[in-house]
>>> print(open('start.cif').read())   # mmCIF, C-alpha atoms
data_coords
loop_
_atom_site.label_atom_id
_atom_site.label_comp_id
_atom_site.auth_asym_id
_atom_site.auth_seq_id
_atom_site.Cartn_x
_atom_site.Cartn_y
_atom_site.Cartn_z
CA MET A 15 164.29 56.97 153.90
CA LEU A 16 164.28 53.90 151.69
CA GLU A 17 167.66 52.92 150.22
CA MET A 18 167.51 51.17 146.85
CA ASP A 19 170.13 49.67 144.57
CA ARG A 20 169.80 49.70 140.80
CA ALA A 21 168.87 45.99 140.63
CA GLN A 22 165.77 46.64 142.71
CA VAL A 23 164.87 49.67 140.61
CA MET A 24 165.21 47.61 137.43
CA ALA A 25 163.00 44.88 138.89
CA TYR A 26 160.37 47.49 139.79
CA ARG A 27 160.38 49.05 136.31
CA ILE A 28 160.19 45.70 134.58
CA ALA A 29 157.06 44.88 136.59
CA ALA A 30 155.52 48.36 136.32
CA GLN A 31 155.87 48.26 132.54
CA GLY A 32 154.13 44.93 132.15
CA LEU A 33 157.14 42.92 131.05
CA HIS A 34 156.06 39.94 133.14
CA ARG A 35 153.46 39.50 130.41
CA ASP A 36 150.40 39.25 132.65
CA GLU A 37 148.12 41.37 130.46
CA LYS A 38 146.15 40.32 127.37
CA ASP A 39 144.66 43.71 126.45
CA ALA A 40 147.08 46.31 125.08
CA ALA A 41 144.89 49.22 126.17
CA LYS A 42 145.31 48.20 129.81
CA LEU A 43 149.12 48.35 129.75
CA ALA A 44 150.53 51.08 132.00
CA VAL A 45 153.02 52.10 129.31
CA PHE A 46 150.10 53.58 127.34
CA ASP A 47 149.58 56.05 130.18
CA LEU A 48 152.56 57.84 128.58
CA GLY A 49 152.25 56.46 125.07
CA VAL A 50 154.44 53.98 123.20
CA GLN A 51 156.98 55.45 120.83
CA ASP A 52 156.96 54.22 117.23
CA SER A 53 159.89 56.03 115.64
CA SER A 54 161.22 53.19 113.50
CA ARG A 55 159.80 50.11 111.80
CA ASP A 56 157.37 48.22 114.05
CA THR A 57 158.87 49.68 117.25
CA ALA A 58 155.54 49.86 119.06
CA LEU A 59 154.51 46.42 117.82
CA HIS A 60 157.72 44.90 119.17
CA ALA A 61 157.17 46.64 122.52
CA LEU A 62 153.71 45.12 122.80
CA VAL A 63 154.85 41.64 121.77
CA ALA A 64 157.25 41.81 124.72
CA ARG A 65 154.40 42.64 127.10
CA LEU A 66 151.19 40.93 125.98
CA ALA A 67 150.26 37.39 126.88
CA ALA A 68 147.88 37.13 123.92
CA PRO A 69 149.17 36.72 120.33
CA LEU A 70 149.45 39.96 118.37
CA THR A 71 149.88 40.96 114.75
CA GLY A 72 150.86 44.28 113.29
CA GLU A 73 147.51 44.71 111.57
CA SER A 74 145.48 43.81 114.66
CA PHE A 75 147.27 46.55 116.61
CA THR A 76 147.63 49.40 114.09
CA GLN A 77 144.04 48.99 112.96
CA ASP A 78 142.69 48.98 116.52
CA ASP A 79 140.48 52.08 116.72
CA ARG A 80 141.23 52.49 120.42
CA PHE A 81 144.67 53.85 119.52
CA ALA A 82 145.92 56.80 117.49
CA LEU A 83 149.40 57.60 116.21
CA VAL A 84 150.42 61.21 116.86
CA TRP A 85 153.49 63.35 117.33
CA SER A 86 153.51 63.97 121.07
CA HIS A 87 156.34 63.97 123.65
CA ARG A 88 159.47 65.63 122.23
CA GLY A 89 157.82 65.66 118.80
CA ALA A 90 158.30 61.88 118.51
CA GLN A 91 155.69 59.51 117.08
CA HIS A 92 153.73 57.72 119.80
CA PHE A 93 150.70 55.49 119.88
CA HIS A 94 148.23 56.73 122.51
CA ARG A 95 144.80 55.63 123.60
CA ARG A 96 142.36 57.83 121.69
CA GLU A 97 140.42 58.53 124.87
CA ASP A 98 143.59 60.05 126.40
CA LEU A 99 144.24 62.54 123.58
CA PRO A 100 142.22 65.51 124.93
CA GLU A 101 144.10 65.49 128.24
CA LEU A 102 147.41 64.82 126.50
CA THR A 103 146.89 67.80 124.19
CA ARG A 104 146.25 70.05 127.18
CA ALA A 105 149.32 68.65 128.94
CA LEU A 106 151.51 69.56 125.96
CA VAL A 107 150.52 73.23 125.92
CA PRO A 108 153.69 75.03 127.13
CA ILE A 109 153.21 76.80 130.45
CA ASP A 110 155.40 79.76 129.49
CA GLU A 111 157.89 81.08 126.92
CA ALA A 112 160.84 79.14 128.35
CA ASP A 113 158.86 75.91 128.15
CA ALA A 114 157.87 76.61 124.54
CA MET A 115 161.47 77.36 123.56
CA ALA A 116 162.69 74.14 125.14
CA ARG A 117 160.07 72.00 123.42
CA MET A 118 160.85 73.60 120.07
CA GLY A 119 164.62 73.45 120.56
CA TRP A 120 164.89 77.21 120.12
CA ASN A 121 167.25 79.72 121.66
CA ARG A 122 166.91 83.50 122.02
CA LYS A 123 168.56 84.20 118.66
CA MET A 124 166.02 81.97 116.90
CA VAL A 125 163.14 83.77 118.61
CA GLU A 126 164.61 87.13 117.62
CA ALA A 127 165.06 85.96 114.04
CA ALA A 128 161.45 84.80 113.86
CA ALA A 129 160.31 88.09 115.45
CA ILE A 130 157.52 86.13 117.16
CA PRO A 131 157.48 84.74 120.72
CA ALA A 132 157.98 80.98 120.73
CA LEU A 133 154.68 80.43 122.56
CA ASP A 134 152.76 82.36 119.89
CA THR A 135 154.64 80.53 117.16
CA LEU A 136 153.31 77.17 118.33
CA PHE A 137 149.69 78.24 117.99
CA ILE A 138 150.20 80.05 114.70
CA ALA A 139 151.51 76.77 113.32
CA ALA A 140 148.72 74.74 114.97
CA ARG A 141 146.01 76.87 113.36
CA ALA A 142 147.76 76.58 110.01
CA MET A 143 147.93 72.78 110.41
CA ARG A 144 144.22 72.63 111.15
CA LYS A 145 143.35 74.72 108.09
CA ALA A 146 145.80 73.10 105.68
CA ILE A 147 144.99 69.46 106.43
CA PRO A 148 141.21 68.89 106.13
CA LYS A 149 141.68 65.33 104.82
CA PRO A 150 144.42 62.66 104.70
CA THR A 151 147.44 64.33 103.11
CA ALA A 152 150.98 63.16 102.37
CA LYS A 153 153.48 64.82 104.69
CA GLY A 154 155.28 66.64 101.89
CA ASP A 155 152.05 68.14 100.58
CA ALA A 156 150.92 68.99 104.10
CA SER A 157 154.21 70.75 104.81
CA THR A 158 153.90 72.77 101.62
CA ALA A 159 150.35 73.82 102.44
CA VAL A 160 151.20 74.78 106.02
CA THR A 161 154.31 76.69 104.95
CA LYS A 162 152.14 78.98 102.79
CA LEU A 163 150.07 79.95 105.83
CA ILE A 164 152.81 80.90 108.30
CA PRO A 165 155.31 83.77 108.60
CA GLU A 166 158.62 83.43 106.77
CA GLY A 167 160.55 83.41 110.04
CA LEU A 168 159.10 79.99 110.86
CA THR A 169 160.47 78.32 107.73
CA TYR A 170 163.81 77.13 106.40
CA TYR A 171 165.30 76.16 103.07
CA CYS A 172 165.62 72.38 102.79
CA ARG A 173 168.60 71.46 100.62
CA GLY A 174 167.40 67.89 100.17
CA CYS A 175 164.00 68.95 98.79
CA GLN A 176 165.26 72.29 97.43
CA VAL A 177 162.15 74.01 98.72
CA VAL A 178 161.19 76.09 101.75
CA HIS A 179 159.52 74.15 104.61
CA ILE A 180 158.04 74.90 108.00
CA LEU A 181 160.63 74.10 110.68
CA GLU A 182 160.42 70.35 111.29
CA GLN A 183 160.19 70.37 115.10
CA LEU A 184 157.58 73.13 114.98
CA PHE A 185 155.64 71.08 112.42
CA ARG A 186 155.68 68.08 114.73
CA ILE A 187 154.88 69.64 118.09
CA SER A 188 152.14 71.87 116.70
CA SER A 189 150.34 69.01 114.96
CA LEU A 190 148.43 67.58 117.92
CA HIS A 191 147.35 71.08 118.96
CA GLY A 192 146.04 71.48 115.42
CA GLY A 193 144.07 68.24 115.72
CA ILE A 194 146.30 66.20 113.43
CA ARG A 195 147.24 62.52 113.65
CA LEU A 196 149.34 60.18 111.52
CA GLU A 197 148.07 57.26 109.47
CA PRO A 198 149.60 54.01 110.84
CA ASP A 199 151.66 51.94 108.39
CA ALA A 200 151.84 54.76 105.82
CA THR A 201 155.15 55.24 103.99
CA PRO A 202 155.86 58.05 103.33
CA ALA A 203 153.99 59.62 106.23
CA VAL A 204 150.35 60.64 105.79
CA LEU A 205 148.68 63.19 108.08
CA ALA A 206 144.95 63.28 108.77
CA PRO A 207 142.48 65.22 110.93
CA LEU A 208 141.67 63.73 114.30
CA GLU A 209 138.05 62.72 114.55
CA GLY A 210 136.02 65.13 116.69
CA ARG A 211 138.93 67.54 117.06
CA LYS A 212 138.36 70.68 119.07
CA PRO A 213 139.46 74.24 118.21
CA VAL A 214 143.08 75.12 118.99
CA SER A 215 143.44 75.93 122.69
CA THR A 216 146.25 78.12 124.04
CA LYS A 217 145.48 77.53 127.70
CA ALA A 218 148.06 75.55 129.67
CA ASP A 219 146.72 72.87 131.98
CA LEU A 220 149.05 72.43 134.95
CA ALA A 221 147.05 69.51 136.31
CA ALA A 222 147.37 67.63 133.01
CA ALA A 223 151.09 68.42 132.79
CA THR A 224 151.55 67.24 136.38
CA ALA A 225 149.80 63.98 135.48
CA VAL A 226 152.42 63.34 132.76
CA VAL A 227 155.20 63.74 135.33
CA ARG A 228 153.42 61.42 137.72
CA ARG A 229 152.96 58.78 135.01
CA TYR A 230 156.60 59.04 134.05
CA LEU A 231 157.60 58.37 137.66
CA HIS A 232 155.14 55.49 137.84
CA VAL A 233 156.66 53.51 134.96
CA ASN A 234 160.23 54.89 135.01
CA GLY A 235 160.70 55.80 138.65
CA PRO A 236 162.12 56.50 141.03
CA GLY A 237 163.34 59.59 139.20
CA THR A 238 164.18 63.27 139.43
CA ARG A 239 162.89 66.50 137.93
CA ALA A 240 165.67 66.39 135.36
CA ASP A 241 164.63 62.86 134.35
CA ALA A 242 160.99 63.88 133.87
CA ALA A 243 162.05 67.02 132.00
CA GLY A 244 164.21 64.98 129.64
CA PHE A 245 161.29 62.74 128.78
CA ALA A 246 158.94 65.68 128.21
CA GLY A 247 161.49 67.63 126.19
CA THR A 248 161.55 70.64 128.50
CA THR A 249 163.66 71.99 131.37
CA ALA A 250 163.91 70.94 134.99
CA GLY A 251 162.89 74.50 135.88
CA THR A 252 159.64 74.05 133.99
CA VAL A 253 158.96 70.69 135.63
CA LYS A 254 159.34 72.43 139.00
CA ASN A 255 155.94 74.00 138.24
CA THR A 256 154.32 70.65 137.45
CA TRP A 257 156.04 68.50 140.07
CA PRO A 258 153.49 66.50 142.14
CA ASP A 259 153.46 67.64 145.76
CA ASP A 260 152.87 64.24 147.38
CA LEU A 261 155.82 62.22 146.06
CA THR A 262 157.86 59.92 148.28
CA GLU A 263 161.62 60.47 148.34
CA VAL A 264 163.93 57.46 148.28
CA ARG A 265 167.65 57.04 147.63
CA VAL A 266 168.89 55.10 144.63
CA GLU A 267 172.58 54.22 144.72
CA GLY A 268 172.92 56.97 147.34
CA LYS A 269 171.17 59.68 145.29
CA PRO A 270 167.71 61.18 145.95
CA ALA A 271 164.87 60.17 143.63
CA PHE A 272 161.08 60.26 143.81
CA LEU A 273 158.12 57.98 143.30
CA PRO A 274 154.31 58.27 143.66
CA PRO A 275 153.49 57.10 147.19
CA GLU A 276 151.06 54.45 145.96
CA ARG A 277 153.97 52.74 144.16
CA VAL A 278 156.32 52.45 147.14
CA SER A 279 155.20 48.98 148.19
CA GLU A 280 155.82 47.69 144.65
CA LEU A 281 159.29 49.26 144.71
CA GLU A 282 160.07 47.61 148.04
CA ASN A 283 158.94 44.16 146.91
CA PRO A 284 159.02 43.81 143.13
CA PRO A 285 158.65 40.34 141.59
CA GLU A 286 161.84 38.62 140.51
CA PRO A 287 162.70 39.69 136.94
CA ASP A 288 163.51 36.14 135.85
CA LEU A 289 162.49 36.63 132.24
CA VAL A 290 164.00 37.20 128.80
CA ARG A 291 162.60 39.75 126.36
CA LEU A 292 163.77 41.27 123.08
CA LEU A 293 162.91 44.95 123.39
CA PRO A 294 162.98 47.35 120.43
CA SER A 295 164.93 50.56 120.16
CA TRP A 296 162.96 53.32 121.91
CA ASP A 297 161.11 50.75 124.02
CA PRO A 298 159.34 52.32 127.03
CA LEU A 299 161.94 50.74 129.35
CA LEU A 300 164.68 52.64 127.48
CA GLN A 301 162.84 55.96 127.82
CA ALA A 302 164.06 56.50 131.39
CA ARG A 303 166.59 59.33 131.38
CA ASP A 304 168.85 57.86 134.09
CA ARG A 305 170.75 55.65 131.65
CA ALA A 306 173.35 54.69 134.25
CA ILE A 307 170.60 52.77 136.06
CA LEU A 308 169.62 50.92 132.89
CA VAL A 309 173.17 50.28 131.63
CA PRO A 310 175.93 51.16 134.14
CA ASP A 311 178.85 50.59 131.76
CA ARG A 312 179.44 53.68 129.57
CA ALA A 313 180.89 51.73 126.68
CA ARG A 314 177.76 49.59 126.59
CA GLN A 315 175.57 52.70 126.80
CA LYS A 316 177.12 53.79 123.51
CA GLU A 317 176.12 50.47 121.96
CA VAL A 318 172.51 50.86 123.10
CA TRP A 319 172.00 54.59 122.44
CA ARG A 320 173.69 55.63 119.21
CA MET A 321 173.66 58.81 117.21
CA LEU A 322 171.76 56.96 114.46
CA GLY A 323 170.12 53.56 114.18
CA ASN A 324 169.70 52.32 117.74
CA PRO A 325 169.50 48.51 118.04
CA GLY A 326 167.00 46.61 120.11
CA VAL A 327 168.14 45.28 123.48
CA VAL A 328 168.14 41.88 125.17
CA LEU A 329 166.57 41.97 128.62
CA ALA A 330 167.63 38.94 130.66
CA ASP A 331 167.15 38.36 134.39
CA GLY A 332 166.73 42.03 135.21
CA GLU A 333 169.61 43.37 133.14
CA ILE A 334 170.07 44.76 129.65
CA ALA A 335 172.34 41.97 128.52
CA GLY A 336 173.01 42.75 124.88
CA THR A 337 171.65 44.15 121.62
CA TRP A 338 169.85 42.73 118.60
CA ARG A 339 168.87 43.59 115.07
CA ALA A 340 166.54 41.90 112.62
CA LYS A 341 166.16 41.98 108.84
CA ALA A 342 163.93 40.20 106.39
CA ALA A 343 165.38 37.39 104.31
CA GLY A 344 162.81 37.44 101.53
CA ARG A 345 159.12 37.50 102.37
CA LYS A 346 158.95 34.47 104.63
CA ARG A 347 161.92 34.63 107.03
CA LEU A 348 163.10 37.16 109.59
CA ASP A 349 166.77 36.91 110.60
CA PHE A 350 167.92 38.01 114.06
CA ASP A 351 171.50 38.88 114.96
CA ILE A 352 171.77 38.87 118.78
CA SER A 353 174.95 40.29 120.35
CA PRO A 354 175.13 39.56 124.11
CA PHE A 355 177.45 41.68 126.22
CA GLU A 356 178.53 38.44 127.89
CA THR A 357 177.76 34.80 127.14
CA LEU A 358 174.11 34.02 127.82
CA PRO A 359 173.25 30.80 129.69
CA PRO A 360 171.65 28.11 127.51
CA ALA A 361 168.19 28.71 128.99
CA ALA A 362 168.39 32.43 128.22
CA ARG A 363 169.53 31.72 124.66
CA GLU A 364 166.57 29.41 124.12
CA ALA A 365 164.20 31.99 125.61
CA ALA A 366 165.65 34.62 123.26
CA ARG A 367 164.93 32.33 120.30
CA GLU A 368 161.34 31.99 121.48
CA GLU A 369 161.04 35.77 121.73
CA ALA A 370 162.41 36.15 118.21
CA SER A 371 159.75 33.71 116.99
CA ARG A 372 157.02 35.77 118.67
CA ILE A 373 158.24 38.91 116.94
CA ALA A 374 158.49 37.19 113.56
CA THR A 375 154.94 35.84 113.89
CA ALA A 376 153.61 39.27 114.83
CA ARG A 377 155.25 40.74 111.75
CA GLY A 378 153.83 38.07 109.47
CA PHE A 379 156.93 35.94 108.87
CA ALA A 380 156.55 32.16 108.77
CA ASP A 381 160.14 31.36 109.68
CA VAL A 382 162.92 32.80 111.84
CA LYS A 383 166.68 32.43 112.05
CA VAL A 384 168.59 33.48 115.16
CA THR A 385 172.36 34.01 115.25
CA PHE A 386 174.31 34.76 118.44
#
>>> encode(input="start.cif", output="structure tokens")
Amino acid sequence: MLEMDRAQVMAYRIAAQGLHRDEKDAAKLAVFDLGVQDSSRDTALHALVARLAAPLTGESFTQDDRFALVWSHRGAQHFHRREDLPELTRALVPIDEADAMARMGWNRKMVEAAAIPALDTLFIAARAMRKAIPKPTAKGDASTAVTKLIPEGLTYYCRGCQVVHILEQLFRISSLHGGIRLEPDATPAVLAPLEGRKPVSTKADLAAATAVVRRYLHVNGPGTRADAAGFAGTTAGTVKNTWPDDLTEVRVEGKPAFLPPERVSELENPPEPDLVRLLPSWDPLLQARDRAILVPDRARQKEVWRMLGNPGVVLADGEIAGTWRAKAAGRKRLDFDISPFETLPPAAREAAREEASRIATARGFADVKVTF
């Protein structure tokens, strides 16, 4: 059995996720096999700037018809290839009641209070979404319209709005099943029908769900069932039913983990990760659930993954070497505050400045200021 240390695993993931910047076409990046999360300002754009050799702007990406923004894994916003959405939708149909409860964040008391099985709840909401949103609609108006079409047990009183809403996680995870996408760059959020959407399907597709697990292990492997379940927002017991049967077992820091067999040679001999990148919060590299592999020090883990407002991270020579934040200084300049965990060598500092300039250009800023 292959024995791997975390440095080799990091080198493999950096290569598998396209961070060596060998690709010019965003649609060909392996990270889009799972989708690229876009949960805060320009997150997905920053992730692509870190990976694409060709110049990129926010408008050129968000207006690219090959991609769609939807609520998908864990109810989080992700950009996906449009051509992948039918299979993705099938993959996200819960395979049983336990899976549905996990994805919705429900427990038995919540199911009893709703008086409707969690699995049925998802499709009740999906059909309501489809009916209530026939055209682009602001999220607040869409929520109001959907709420009128669903049982009372699936709603809650929102103190902030002082109105009754559909449960937020249910709203999110039912949307794709209802054929709903999000308009990129819209603030506040705007929902719209997916072009060519099919009727709501309640049939689980184990092959499609298994493909999600396999893709997770491709870009974030080697990993375990618990890792894949954490990404999907379900339980390890559920993933047992969608676990590929041909995986290769290896040991990472003495613990068993798994990888698609066609990726083993890349794991054994990954290219040297001699690069510097500024990755956004929720970057695909940070989506791996084995955080001790990404950032071994627990105190530093707390700096990277916070309760609110995660920073971006500095990737340098195969390690997450610090954090960063950026804010606009007027309309023309973007200011970066980079906080290394330890002093960066001069070459790495210069490379970080160059990465900051790439991000600023992509976001339409003419100038950049970098502070360490």
>>> closest_atom_pairs(input="start.cif", of="segment 88-116 of chain A", to="segment 55-64 of chain A", cutoff="10 Å", atoms="all atoms listed in the file", output="Markdown table")
| residue | atom | partner | partner_atom | distance |
| --- | --- | --- | --- | --- |
| A:Gln91 | CA | A:Ala58 | CA | 9.9 |
| A:His92 | CA | A:Ala58 | CA | 8.1 |
| A:Phe93 | CA | A:Ala58 | CA | 7.5 |
>>> resolve_selection(input="start.cif", expression="the PyMOL selection byres ((chain A and resi 74-88) around 7)", output="ChimeraX atom specification")
/A:70-73,89-96,117,186-187,189-190,195-198,246-247
>>> closest_residue(input="start.cif", among="A:Leu300, A:Ile164, A:Leu322, A:Ala271", to="Ile138 of chain A", atoms="all atoms listed in the file")
A:Ile164
>>> atom_distance(input="start.cif", atom1="atom CA of Ala306 of chain A", atom2="atom CA of Lys42 of chain A")
29.1 Å
>>> residues_around(input="start.cif", residues="segment 209-221 of chain A", least_positions_apart="6", cutoff="12 Å", atoms="all atoms listed in the file", output="short mmCIF file (atom, residue, chain, number, x, y, z; two decimals) with C-alpha atoms, keeping the file's coordinate frame")
data_model
loop_
_atom_site.label_atom_id
_atom_site.label_comp_id
_atom_site.auth_asym_id
_atom_site.auth_seq_id
_atom_site.Cartn_x
_atom_site.Cartn_y
_atom_site.Cartn_z
CA ASP A 79 140.48 52.08 116.72
CA ALA A 82 145.92 56.80 117.49
CA ARG A 96 142.36 57.83 121.69
CA GLU A 97 140.42 58.53 124.87
CA LEU A 99 144.24 62.54 123.58
CA PRO A 100 142.22 65.51 124.93
CA GLU A 101 144.10 65.49 128.24
CA LEU A 102 147.41 64.82 126.50
CA THR A 103 146.89 67.80 124.19
CA ARG A 104 146.25 70.05 127.18
CA ALA A 105 149.32 68.65 128.94
CA LEU A 106 151.51 69.56 125.96
CA VAL A 107 150.52 73.23 125.92
CA PRO A 108 153.69 75.03 127.13
CA ILE A 109 153.21 76.80 130.45
CA ASP A 110 155.40 79.76 129.49
CA GLU A 111 157.89 81.08 126.92
CA ASP A 113 158.86 75.91 128.15
CA ALA A 114 157.87 76.61 124.54
CA LEU A 133 154.68 80.43 122.56
CA ASP A 134 152.76 82.36 119.89
CA THR A 135 154.64 80.53 117.16
CA LEU A 136 153.31 77.17 118.33
CA PHE A 137 149.69 78.24 117.99
CA ILE A 138 150.20 80.05 114.70
CA ALA A 139 151.51 76.77 113.32
CA ALA A 140 148.72 74.74 114.97
CA ARG A 141 146.01 76.87 113.36
CA ALA A 142 147.76 76.58 110.01
CA MET A 143 147.93 72.78 110.41
CA ARG A 144 144.22 72.63 111.15
CA LYS A 145 143.35 74.72 108.09
CA PRO A 148 141.21 68.89 106.13
CA LYS A 149 141.68 65.33 104.82
CA PRO A 150 144.42 62.66 104.70
CA SER A 188 152.14 71.87 116.70
CA SER A 189 150.34 69.01 114.96
CA LEU A 190 148.43 67.58 117.92
CA HIS A 191 147.35 71.08 118.96
CA GLY A 192 146.04 71.48 115.42
CA GLY A 193 144.07 68.24 115.72
CA ILE A 194 146.30 66.20 113.43
CA ARG A 195 147.24 62.52 113.65
CA LEU A 196 149.34 60.18 111.52
CA VAL A 227 155.20 63.74 135.33
CA ARG A 228 153.42 61.42 137.72
CA THR A 252 159.64 74.05 133.99
CA VAL A 253 158.96 70.69 135.63
CA LYS A 254 159.34 72.43 139.00
CA ASN A 255 155.94 74.00 138.24
CA THR A 256 154.32 70.65 137.45
CA TRP A 257 156.04 68.50 140.07
CA PRO A 258 153.49 66.50 142.14
CA ASP A 259 153.46 67.64 145.76
#
>>> closest_residue(input="start.cif", among="A:Val318, A:Val160, A:Leu308, A:Leu43", to="Ala30 of chain A", atoms="only C-alpha atoms")
A:Leu43
>>> resolve_selection(input="start.cif", expression="the PyMOL selection byres ((chain A and resi 338) around 9)", output="number ranges by chain")
A: 292-294, 325-328, 336-337, 339-340, 350-354
>>> write_last_selection(input="start.cif", atoms="C-alpha atoms", output="PDB file, in the frame of the given file")
ATOM      1  CA  LEU A 292     163.770  41.270 123.080  1.00  0.00           C
ATOM      2  CA  LEU A 293     162.910  44.950 123.390  1.00  0.00           C
ATOM      3  CA  PRO A 294     162.980  47.350 120.430  1.00  0.00           C
ATOM      4  CA  PRO A 325     169.500  48.510 118.040  1.00  0.00           C
ATOM      5  CA  GLY A 326     167.000  46.610 120.110  1.00  0.00           C
ATOM      6  CA  VAL A 327     168.140  45.280 123.480  1.00  0.00           C
ATOM      7  CA  VAL A 328     168.140  41.880 125.170  1.00  0.00           C
ATOM      8  CA  GLY A 336     173.010  42.750 124.880  1.00  0.00           C
ATOM      9  CA  THR A 337     171.650  44.150 121.620  1.00  0.00           C
ATOM     10  CA  ARG A 339     168.870  43.590 115.070  1.00  0.00           C
ATOM     11  CA  ALA A 340     166.540  41.900 112.620  1.00  0.00           C
ATOM     12  CA  PHE A 350     167.920  38.010 114.060  1.00  0.00           C
ATOM     13  CA  ASP A 351     171.500  38.880 114.960  1.00  0.00           C
ATOM     14  CA  ILE A 352     171.770  38.870 118.780  1.00  0.00           C
ATOM     15  CA  SER A 353     174.950  40.290 120.350  1.00  0.00           C
ATOM     16  CA  PRO A 354     175.130  39.560 124.110  1.00  0.00           C
TER      17      PRO A 354
END
>>> residues_around(input="start.cif", residues="Pro165 of chain A", least_positions_apart="4", cutoff="9 Å", atoms="all atoms listed in the file", output="number ranges by chain")
A: 128, 138, 161, 169
>>> closest_residue(input="start.cif", among="A:Asp288, A:Asp260, A:Asp304, A:Glu126", to="Pro274 of chain A", atoms="all atoms listed in the file")
A:Asp260
>>> resolve_selection(input="start.cif", expression="the PyMOL selection byres ((chain A and resi 268) around 9)", output="compact mmCIF listing (two decimals) with C-alpha atoms, in the frame of the given file")
# COMPACT_ATOMS: atom_id res chain seq x y z
CA GLU A 17 167.66 52.92 150.22
CA MET A 18 167.51 51.17 146.85
CA ASP A 19 170.13 49.67 144.57
CA ARG A 265 167.65 57.04 147.63
CA VAL A 266 168.89 55.10 144.63
CA GLU A 267 172.58 54.22 144.72
CA LYS A 269 171.17 59.68 145.29
CA PRO A 270 167.71 61.18 145.95
>>> residues_near_point(input="start.cif", point="(157.4, 35.4, 108.2)", cutoff="12 Å", atoms="all atoms listed in the file", output="number ranges by chain")
A: 71, 341-349, 370-383
>>> decode(input="start.cif", residues="segment 67-79 of chain A", atoms="N, CA, C and O atoms", output="compact mmCIF listing (two decimals), in the first residue's frame")
# COMPACT_ATOMS: atom_id res chain seq x y z
N ALA A 67 -4.21 30.62 -17.36
CA ALA A 67 -3.06 31.29 -17.95
C ALA A 67 -3.50 32.55 -18.69
O ALA A 67 -2.78 33.54 -18.73
N ALA A 68 -4.69 32.52 -19.28
CA ALA A 68 -5.17 33.66 -20.06
C ALA A 68 -5.75 34.73 -19.14
O ALA A 68 -6.28 34.42 -18.06
N PRO A 69 -5.67 36.00 -19.54
CA PRO A 69 -6.28 37.08 -18.74
C PRO A 69 -7.78 36.86 -18.61
O PRO A 69 -8.42 36.27 -19.48
N LEU A 70 -8.35 37.36 -17.52
CA LEU A 70 -9.75 37.15 -17.23
C LEU A 70 -10.32 38.40 -16.59
O LEU A 70 -9.65 39.08 -15.83
N THR A 71 -11.57 38.70 -16.92
CA THR A 71 -12.27 39.78 -16.23
C THR A 71 -13.56 39.23 -15.66
O THR A 71 -14.07 38.19 -16.12
N GLY A 72 -14.10 39.92 -14.68
CA GLY A 72 -15.33 39.47 -14.07
C GLY A 72 -16.45 39.35 -15.08
O GLY A 72 -17.19 38.36 -15.12
N GLU A 73 -16.58 40.34 -15.95
CA GLU A 73 -17.66 40.32 -16.94
C GLU A 73 -17.48 39.18 -17.93
O GLU A 73 -18.45 38.51 -18.31
N SER A 74 -16.25 38.93 -18.37
CA SER A 74 -16.02 37.88 -19.36
C SER A 74 -16.36 36.51 -18.80
O SER A 74 -16.77 35.61 -19.55
N PHE A 75 -16.24 36.34 -17.48
CA PHE A 75 -16.59 35.05 -16.89
C PHE A 75 -18.08 34.95 -16.59
O PHE A 75 -18.76 34.03 -17.02
N THR A 76 -18.62 35.91 -15.83
CA THR A 76 -20.02 35.80 -15.39
C THR A 76 -21.01 35.87 -16.55
O THR A 76 -22.14 35.39 -16.43
N GLN A 77 -20.59 36.46 -17.66
CA GLN A 77 -21.47 36.53 -18.82
C GLN A 77 -21.20 35.42 -19.83
O GLN A 77 -21.76 35.42 -20.92
N ASP A 78 -20.36 34.48 -19.48
CA ASP A 78 -20.06 33.34 -20.34
C ASP A 78 -21.23 32.35 -20.26
O ASP A 78 -21.49 31.77 -19.19
N ASP A 79 -21.94 32.16 -21.35
CA ASP A 79 -23.14 31.33 -21.36
C ASP A 79 -22.87 29.86 -21.08
O ASP A 79 -23.81 29.09 -20.88
